[in-house]
Amino acid sequence: MDALAGLLEGPRARGAFMIRACFEPPWSVRIEDRAPLTVMVMVRGEAWVIPDRGRHLKLRPGDLAIARGPDPYTCADDPRTAPQALILPGAECHYPDGRALNGSMDLGVRTWGDRLDGPTVMLIGTYLWEGEISGRLLKALPQLLSLTADVWNCPLTPYLMDEIVRDEPGQEVVLDRLLDLLVIAALRAWFSRPEAEAPAWYAALADPVVGRVLRLVQDDPAHPWTVASLAAKAGVSRAALARRFTELVGEPPMSYLTGWRMALAADALRDTDDTLDSIARRVGYGSAFALSSAFKRVYGVSPQERRAVGRVSP
């Protein structure tokens, strides 16, 4: 498995919040849902994405933005427009003063806003639960990223535009998979840009020594790796590997190995019904007890607790 494939195989939407938002200026929506990841595709008109911290982002037709939670942000026709609605956890919608909207902005199947034929149309897909997105992927992303229409042309967008308003059996599953594909395609395009803010370990893959060690660890996490065995494979001394790896990746080799194993274990707990013993052997631990101890040190919860959280559905 190459590094990018390992990073992008994480999205697994389950009953994601999907809407077509239609507005006539002036409009503004405050987002405080603490969702781990939200994708916005501009279909018609223009919009601003305004995080509480960081630069404002203007979206034009064909542009895509991905916001990483849990920090709040605002979407509006203009940064100066006051919010008219508030989105809270669980996709609850309120007026800014706390009163429930009670469906007053519903415009049809998965369609929301103030005017169905409004000049502004956005497609929005939100992963509601942290367990649906690999923590390793989330850590690799900035709070807000975008792809403009001149570098991003995804054939999934018109298909999603048609499917999002369908009301047919199994439609939520169709939309979940389309959202996963949209995220993967967008992030693949974003990571391929030279100016992308890729994580240190991703950039380090180009290094002849550190890149080889990273691939060894990623391809065979169950192997009983040591700094000495990794250094031998890379053709350098233990001290040289430890120094070079830490400089480029930002942490020592064994610390990275532990993090990779824990990420794989967390995904396995979310996506499979495999026993803890089976997962432990797959990621390089001799027993369920050994994995549980390491898992709790890293995540602060037991594997069983993590599995329960990851399986929660909307």
# chains A, B, ... in the order shown; residues from 1 in each chain; ligands from 1
$ closest_atom_pairs --of "stretch 101-209 of chain A" --to "stretch 77-89 of chain A" --cutoff "9 Å" --atoms "only C-alpha atoms" --output "Markdown table"
| residue | atom | partner | partner_atom | distance |
| --- | --- | --- | --- | --- |
| A:Leu101 | CA | A:Ala85 | CA | 8.0 |
| A:Thr120 | CA | A:Asp77 | CA | 8.5 |
| A:Leu128 | CA | A:Pro89 | CA | 8.1 |
$ residues_around --residues "stretch 102-116 of chain A" --least-positions-apart "6" --cutoff "6 Å" --atoms "only C-alpha atoms" --output "JSON, numbers by chain"
{"A": [19, 20, 21, 22, 23, 165]}
$ write_last_selection --atoms "N, CA, C and O atoms" --output "PDB file, in the first residue's frame"
ATOM      1  N   ILE A  19     -26.955  17.972   2.015  1.00  0.00           N
ATOM      2  CA  ILE A  19     -27.991  18.895   1.570  1.00  0.00           C
ATOM      3  C   ILE A  19     -27.548  19.668   0.330  1.00  0.00           C
ATOM      4  O   ILE A  19     -26.360  19.802   0.044  1.00  0.00           O
ATOM      5  N   ARG A  20     -28.560  20.180  -0.380  1.00  0.00           N
ATOM      6  CA  ARG A  20     -28.360  21.197  -1.407  1.00  0.00           C
ATOM      7  C   ARG A  20     -28.863  22.502  -0.792  1.00  0.00           C
ATOM      8  O   ARG A  20     -30.031  22.614  -0.422  1.00  0.00           O
ATOM      9  N   ALA A  21     -27.969  23.465  -0.640  1.00  0.00           N
ATOM     10  CA  ALA A  21     -28.328  24.737  -0.012  1.00  0.00           C
ATOM     11  C   ALA A  21     -28.577  25.781  -1.093  1.00  0.00           C
ATOM     12  O   ALA A  21     -27.729  25.986  -1.972  1.00  0.00           O
ATOM     13  N   CYS A  22     -29.738  26.422  -1.027  1.00  0.00           N
ATOM     14  CA  CYS A  22     -30.135  27.406  -2.036  1.00  0.00           C
ATOM     15  C   CYS A  22     -30.456  28.730  -1.341  1.00  0.00           C
ATOM     16  O   CYS A  22     -31.330  28.776  -0.463  1.00  0.00           O
ATOM     17  N   PHE A  23     -29.782  29.804  -1.749  1.00  0.00           N
ATOM     18  CA  PHE A  23     -29.949  31.088  -1.069  1.00  0.00           C
ATOM     19  C   PHE A  23     -30.047  32.241  -2.062  1.00  0.00           C
ATOM     20  O   PHE A  23     -29.553  32.163  -3.195  1.00  0.00           O
ATOM     21  N   VAL A 165     -31.112  14.924  -4.351  1.00  0.00           N
ATOM     22  CA  VAL A 165     -32.537  15.257  -4.188  1.00  0.00           C
ATOM     23  C   VAL A 165     -33.444  14.063  -4.463  1.00  0.00           C
ATOM     24  O   VAL A 165     -34.670  14.201  -4.445  1.00  0.00           O
TER      25      VAL A 165
END
$ select_by_dssp --residues "stretch 21-248 of chain A" --states "strand (DSSP E or B)" --output "ChimeraX atom specification"
/A:21-23,28-31,37-44,47-51,57-59,64-68,73-76,85-88,92-94,100,106-108,111-113,120-127,144-147
$ select_by_dssp --residues "stretch 169-312 of chain A" --states "alpha helix (DSSP H)" --output "ChimeraX atom specification"
/A:171-191,200-204,210-219,227-234,238-249,253-271,276-282,288-299,303-310
$ residues_around --residues "stretch 61-63 of chain A" --least-positions-apart "5" --cutoff "7 Å" --atoms "only C-alpha atoms" --output "PyMOL selection string"
chain A and resi 41-46+147-149
$ closest_residue --among "A:Asp52, A:Glu172, A:Asp150, A:Glu163" --to "A:Ala16" --atoms "only C-alpha atoms"
A:Glu172
$ residues_around --residues "A:Met18" --least-positions-apart "5" --cutoff "8 Å" --atoms "only C-alpha atoms" --output "ChimeraX atom specification"
/A:110,123-126,164,175
$ write_last_selection --atoms "N, CA, C and O atoms" --output "PDB file, in the first residue's frame"
ATOM      1  N   ARG A 110     -33.756  16.960   0.939  1.00  0.00           N
ATOM      2  CA  ARG A 110     -32.361  17.353   1.179  1.00  0.00           C
ATOM      3  C   ARG A 110     -32.045  18.713   0.566  1.00  0.00           C
ATOM      4  O   ARG A 110     -30.927  18.943   0.078  1.00  0.00           O
ATOM      5  N   LEU A 123     -23.554  22.385  -2.663  1.00  0.00           N
ATOM      6  CA  LEU A 123     -23.742  21.015  -2.182  1.00  0.00           C
ATOM      7  C   LEU A 123     -22.874  20.844  -0.949  1.00  0.00           C
ATOM      8  O   LEU A 123     -21.680  21.180  -0.966  1.00  0.00           O
ATOM      9  N   ILE A 124     -23.464  20.331   0.117  1.00  0.00           N
ATOM     10  CA  ILE A 124     -22.749  20.220   1.390  1.00  0.00           C
ATOM     11  C   ILE A 124     -22.878  18.797   1.918  1.00  0.00           C
ATOM     12  O   ILE A 124     -23.987  18.259   2.002  1.00  0.00           O
ATOM     13  N   GLY A 125     -21.756  18.201   2.256  1.00  0.00           N
ATOM     14  CA  GLY A 125     -21.739  16.870   2.847  1.00  0.00           C
ATOM     15  C   GLY A 125     -20.932  16.885   4.132  1.00  0.00           C
ATOM     16  O   GLY A 125     -19.791  17.363   4.146  1.00  0.00           O
ATOM     17  N   THR A 126     -21.521  16.383   5.211  1.00  0.00           N
ATOM     18  CA  THR A 126     -20.879  16.448   6.526  1.00  0.00           C
ATOM     19  C   THR A 126     -20.794  15.064   7.161  1.00  0.00           C
ATOM     20  O   THR A 126     -21.798  14.364   7.277  1.00  0.00           O
ATOM     21  N   ILE A 164     -28.616  13.879  -4.854  1.00  0.00           N
ATOM     22  CA  ILE A 164     -28.866  14.413  -3.524  1.00  0.00           C
ATOM     23  C   ILE A 164     -30.341  14.707  -3.285  1.00  0.00           C
ATOM     24  O   ILE A 164     -30.811  14.727  -2.145  1.00  0.00           O
ATOM     25  N   LEU A 175     -25.574   8.079  -1.292  1.00  0.00           N
ATOM     26  CA  LEU A 175     -24.980   9.382  -1.009  1.00  0.00           C
ATOM     27  C   LEU A 175     -23.740   9.267  -0.120  1.00  0.00           C
ATOM     28  O   LEU A 175     -22.768  10.010  -0.302  1.00  0.00           O
TER      29      LEU A 175
END
$ residues_around --residues "A:Ala65" --least-positions-apart "6" --cutoff "8 Å" --atoms "only C-alpha atoms" --output "PyMOL selection string"
chain A and resi 39-41+59+144-147
$ closest_residue --among "A:Ala263, A:Arg282, A:Pro158, A:Thr74" --to "A:Tyr299" --atoms "only C-alpha atoms"
A:Ala263
$ atom_distance --atom1 "atom CA of A:Leu214" --atom2 "atom CA of A:Arg193"
21.3 Å
$ closest_residue --among "A:Arg297, A:His56, A:Arg30, A:Lys139" --to "A:Pro96" --atoms "only C-alpha atoms"
A:Arg30
$ residues_around --residues "A:Arg177" --least-positions-apart "4" --cutoff "9 Å" --atoms "only C-alpha atoms" --output "list in words"
Arg12, Ala13, Arg14, Glu172, Val173, Leu181 and Leu182 of chain A
$ write_last_selection --atoms "N, CA and C atoms" --output "PDB file, in the first residue's frame"
ATOM      1  N   ARG A  12     -15.427   6.772   5.730  1.00  0.00           N
ATOM      2  CA  ARG A  12     -16.497   5.766   5.724  1.00  0.00           C
ATOM      3  C   ARG A  12     -17.768   6.428   6.266  1.00  0.00           C
ATOM      4  N   ALA A  13     -18.447   7.190   5.421  1.00  0.00           N
ATOM      5  CA  ALA A  13     -19.647   7.889   5.865  1.00  0.00           C
ATOM      6  C   ALA A  13     -20.743   6.893   6.222  1.00  0.00           C
ATOM      7  N   ARG A  14     -21.484   7.219   7.273  1.00  0.00           N
ATOM      8  CA  ARG A  14     -22.638   6.417   7.681  1.00  0.00           C
ATOM      9  C   ARG A  14     -23.785   7.365   8.008  1.00  0.00           C
ATOM     10  N   GLU A 172     -29.613   6.897   1.078  1.00  0.00           N
ATOM     11  CA  GLU A 172     -28.585   7.373   2.006  1.00  0.00           C
ATOM     12  C   GLU A 172     -27.262   6.647   1.797  1.00  0.00           C
ATOM     13  N   VAL A 173     -27.328   5.352   1.503  1.00  0.00           N
ATOM     14  CA  VAL A 173     -26.104   4.592   1.265  1.00  0.00           C
ATOM     15  C   VAL A 173     -25.415   5.081  -0.007  1.00  0.00           C
ATOM     16  N   LEU A 181     -16.221   9.116  -2.085  1.00  0.00           N
ATOM     17  CA  LEU A 181     -15.462   9.245  -3.334  1.00  0.00           C
ATOM     18  C   LEU A 181     -15.087  10.693  -3.608  1.00  0.00           C
ATOM     19  N   LEU A 182     -16.008  11.606  -3.319  1.00  0.00           N
ATOM     20  CA  LEU A 182     -15.729  13.020  -3.535  1.00  0.00           C
ATOM     21  C   LEU A 182     -14.574  13.488  -2.658  1.00  0.00           C
TER      22      LEU A 182
END
$ decode --residues "stretch 143-170 of chain A" --atoms "N, CA and C atoms" --output "PDB file, in the first residue's frame"
ATOM      1  N   GLN A 143      -7.137  23.375   8.805  1.00  0.00           N
ATOM      2  CA  GLN A 143      -8.513  23.645   9.232  1.00  0.00           C
ATOM      3  C   GLN A 143      -9.433  23.899   8.045  1.00  0.00           C
ATOM      4  N   LEU A 144      -8.882  24.491   7.000  1.00  0.00           N
ATOM      5  CA  LEU A 144      -9.688  24.805   5.817  1.00  0.00           C
ATOM      6  C   LEU A 144      -8.811  24.712   4.585  1.00  0.00           C
ATOM      7  N   LEU A 145      -9.251  23.926   3.621  1.00  0.00           N
ATOM      8  CA  LEU A 145      -8.516  23.818   2.363  1.00  0.00           C
ATOM      9  C   LEU A 145      -9.489  23.987   1.208  1.00  0.00           C
ATOM     10  N   SER A 146      -8.948  24.341   0.050  1.00  0.00           N
ATOM     11  CA  SER A 146      -9.823  24.553  -1.101  1.00  0.00           C
ATOM     12  C   SER A 146      -9.142  24.137  -2.390  1.00  0.00           C
ATOM     13  N   LEU A 147      -9.972  23.816  -3.369  1.00  0.00           N
ATOM     14  CA  LEU A 147      -9.530  23.548  -4.731  1.00  0.00           C
ATOM     15  C   LEU A 147     -10.381  24.409  -5.653  1.00  0.00           C
ATOM     16  N   THR A 148      -9.737  25.195  -6.489  1.00  0.00           N
ATOM     17  CA  THR A 148     -10.472  26.060  -7.406  1.00  0.00           C
ATOM     18  C   THR A 148     -10.799  25.316  -8.693  1.00  0.00           C
ATOM     19  N   ALA A 149     -11.786  25.821  -9.415  1.00  0.00           N
ATOM     20  CA  ALA A 149     -12.279  25.131 -10.606  1.00  0.00           C
ATOM     21  C   ALA A 149     -11.202  24.962 -11.668  1.00  0.00           C
ATOM     22  N   ASP A 150     -10.203  25.836 -11.686  1.00  0.00           N
ATOM     23  CA  ASP A 150      -9.174  25.731 -12.723  1.00  0.00           C
ATOM     24  C   ASP A 150      -8.209  24.570 -12.482  1.00  0.00           C
ATOM     25  N   VAL A 151      -8.160  24.048 -11.254  1.00  0.00           N
ATOM     26  CA  VAL A 151      -7.293  22.895 -10.980  1.00  0.00           C
ATOM     27  C   VAL A 151      -8.093  21.679 -10.536  1.00  0.00           C
ATOM     28  N   TRP A 152      -9.402  21.819 -10.458  1.00  0.00           N
ATOM     29  CA  TRP A 152     -10.254  20.762  -9.914  1.00  0.00           C
ATOM     30  C   TRP A 152     -11.482  20.632 -10.806  1.00  0.00           C
ATOM     31  N   ASN A 153     -11.633  19.492 -11.436  1.00  0.00           N
ATOM     32  CA  ASN A 153     -12.797  19.244 -12.283  1.00  0.00           C
ATOM     33  C   ASN A 153     -13.241  17.812 -12.049  1.00  0.00           C
ATOM     34  N   CYS A 154     -14.179  17.639 -11.100  1.00  0.00           N
ATOM     35  CA  CYS A 154     -14.564  16.297 -10.696  1.00  0.00           C
ATOM     36  C   CYS A 154     -15.884  15.895 -11.347  1.00  0.00           C
ATOM     37  N   PRO A 155     -15.921  14.766 -12.068  1.00  0.00           N
ATOM     38  CA  PRO A 155     -17.173  14.317 -12.696  1.00  0.00           C
ATOM     39  C   PRO A 155     -18.229  13.879 -11.698  1.00  0.00           C
ATOM     40  N   LEU A 156     -17.857  13.724 -10.418  1.00  0.00           N
ATOM     41  CA  LEU A 156     -18.830  13.320  -9.412  1.00  0.00           C
ATOM     42  C   LEU A 156     -19.817  14.436  -9.066  1.00  0.00           C
ATOM     43  N   THR A 157     -19.429  15.692  -9.292  1.00  0.00           N
ATOM     44  CA  THR A 157     -20.266  16.808  -8.859  1.00  0.00           C
ATOM     45  C   THR A 157     -21.644  16.813  -9.518  1.00  0.00           C
ATOM     46  N   PRO A 158     -21.749  16.747 -10.857  1.00  0.00           N
ATOM     47  CA  PRO A 158     -23.097  16.723 -11.442  1.00  0.00           C
ATOM     48  C   PRO A 158     -23.902  15.490 -11.045  1.00  0.00           C
ATOM     49  N   TYR A 159     -23.223  14.366 -10.864  1.00  0.00           N
ATOM     50  CA  TYR A 159     -23.920  13.151 -10.437  1.00  0.00           C
ATOM     51  C   TYR A 159     -24.471  13.331  -9.031  1.00  0.00           C
ATOM     52  N   LEU A 160     -23.682  13.928  -8.150  1.00  0.00           N
ATOM     53  CA  LEU A 160     -24.130  14.183  -6.782  1.00  0.00           C
ATOM     54  C   LEU A 160     -25.284  15.180  -6.774  1.00  0.00           C
ATOM     55  N   MET A 161     -25.238  16.167  -7.664  1.00  0.00           N
ATOM     56  CA  MET A 161     -26.311  17.153  -7.773  1.00  0.00           C
ATOM     57  C   MET A 161     -27.642  16.468  -8.082  1.00  0.00           C
ATOM     58  N   ASP A 162     -27.609  15.453  -8.946  1.00  0.00           N
ATOM     59  CA  ASP A 162     -28.831  14.715  -9.277  1.00  0.00           C
ATOM     60  C   ASP A 162     -29.272  13.809  -8.140  1.00  0.00           C
ATOM     61  N   GLU A 163     -28.316  13.119  -7.525  1.00  0.00           N
ATOM     62  CA  GLU A 163     -28.653  12.107  -6.529  1.00  0.00           C
ATOM     63  C   GLU A 163     -29.089  12.699  -5.187  1.00  0.00           C
ATOM     64  N   ILE A 164     -28.616  13.879  -4.854  1.00  0.00           N
ATOM     65  CA  ILE A 164     -28.866  14.413  -3.524  1.00  0.00           C
ATOM     66  C   ILE A 164     -30.341  14.707  -3.285  1.00  0.00           C
ATOM     67  N   VAL A 165     -31.112  14.924  -4.351  1.00  0.00           N
ATOM     68  CA  VAL A 165     -32.537  15.257  -4.188  1.00  0.00           C
ATOM     69  C   VAL A 165     -33.444  14.063  -4.463  1.00  0.00           C
ATOM     70  N   ARG A 166     -32.870  12.902  -4.710  1.00  0.00           N
ATOM     71  CA  ARG A 166     -33.691  11.706  -4.925  1.00  0.00           C
ATOM     72  C   ARG A 166     -34.209  11.178  -3.594  1.00  0.00           C
ATOM     73  N   ASP A 167     -35.407  10.623  -3.612  1.00  0.00           N
ATOM     74  CA  ASP A 167     -35.994  10.041  -2.422  1.00  0.00           C
ATOM     75  C   ASP A 167     -36.387   8.604  -2.751  1.00  0.00           C
ATOM     76  N   GLU A 168     -35.384   7.718  -2.746  1.00  0.00           N
ATOM     77  CA  GLU A 168     -35.585   6.331  -3.140  1.00  0.00           C
ATOM     78  C   GLU A 168     -35.007   5.405  -2.076  1.00  0.00           C
ATOM     79  N   PRO A 169     -35.442   4.143  -2.057  1.00  0.00           N
ATOM     80  CA  PRO A 169     -34.883   3.193  -1.083  1.00  0.00           C
ATOM     81  C   PRO A 169     -33.371   3.086  -1.215  1.00  0.00           C
ATOM     82  N   GLY A 170     -32.680   3.091  -0.079  1.00  0.00           N
ATOM     83  CA  GLY A 170     -31.227   2.953  -0.092  1.00  0.00           C
ATOM     84  C   GLY A 170     -30.474   4.199  -0.513  1.00  0.00           C
TER      85      GLY A 170
END
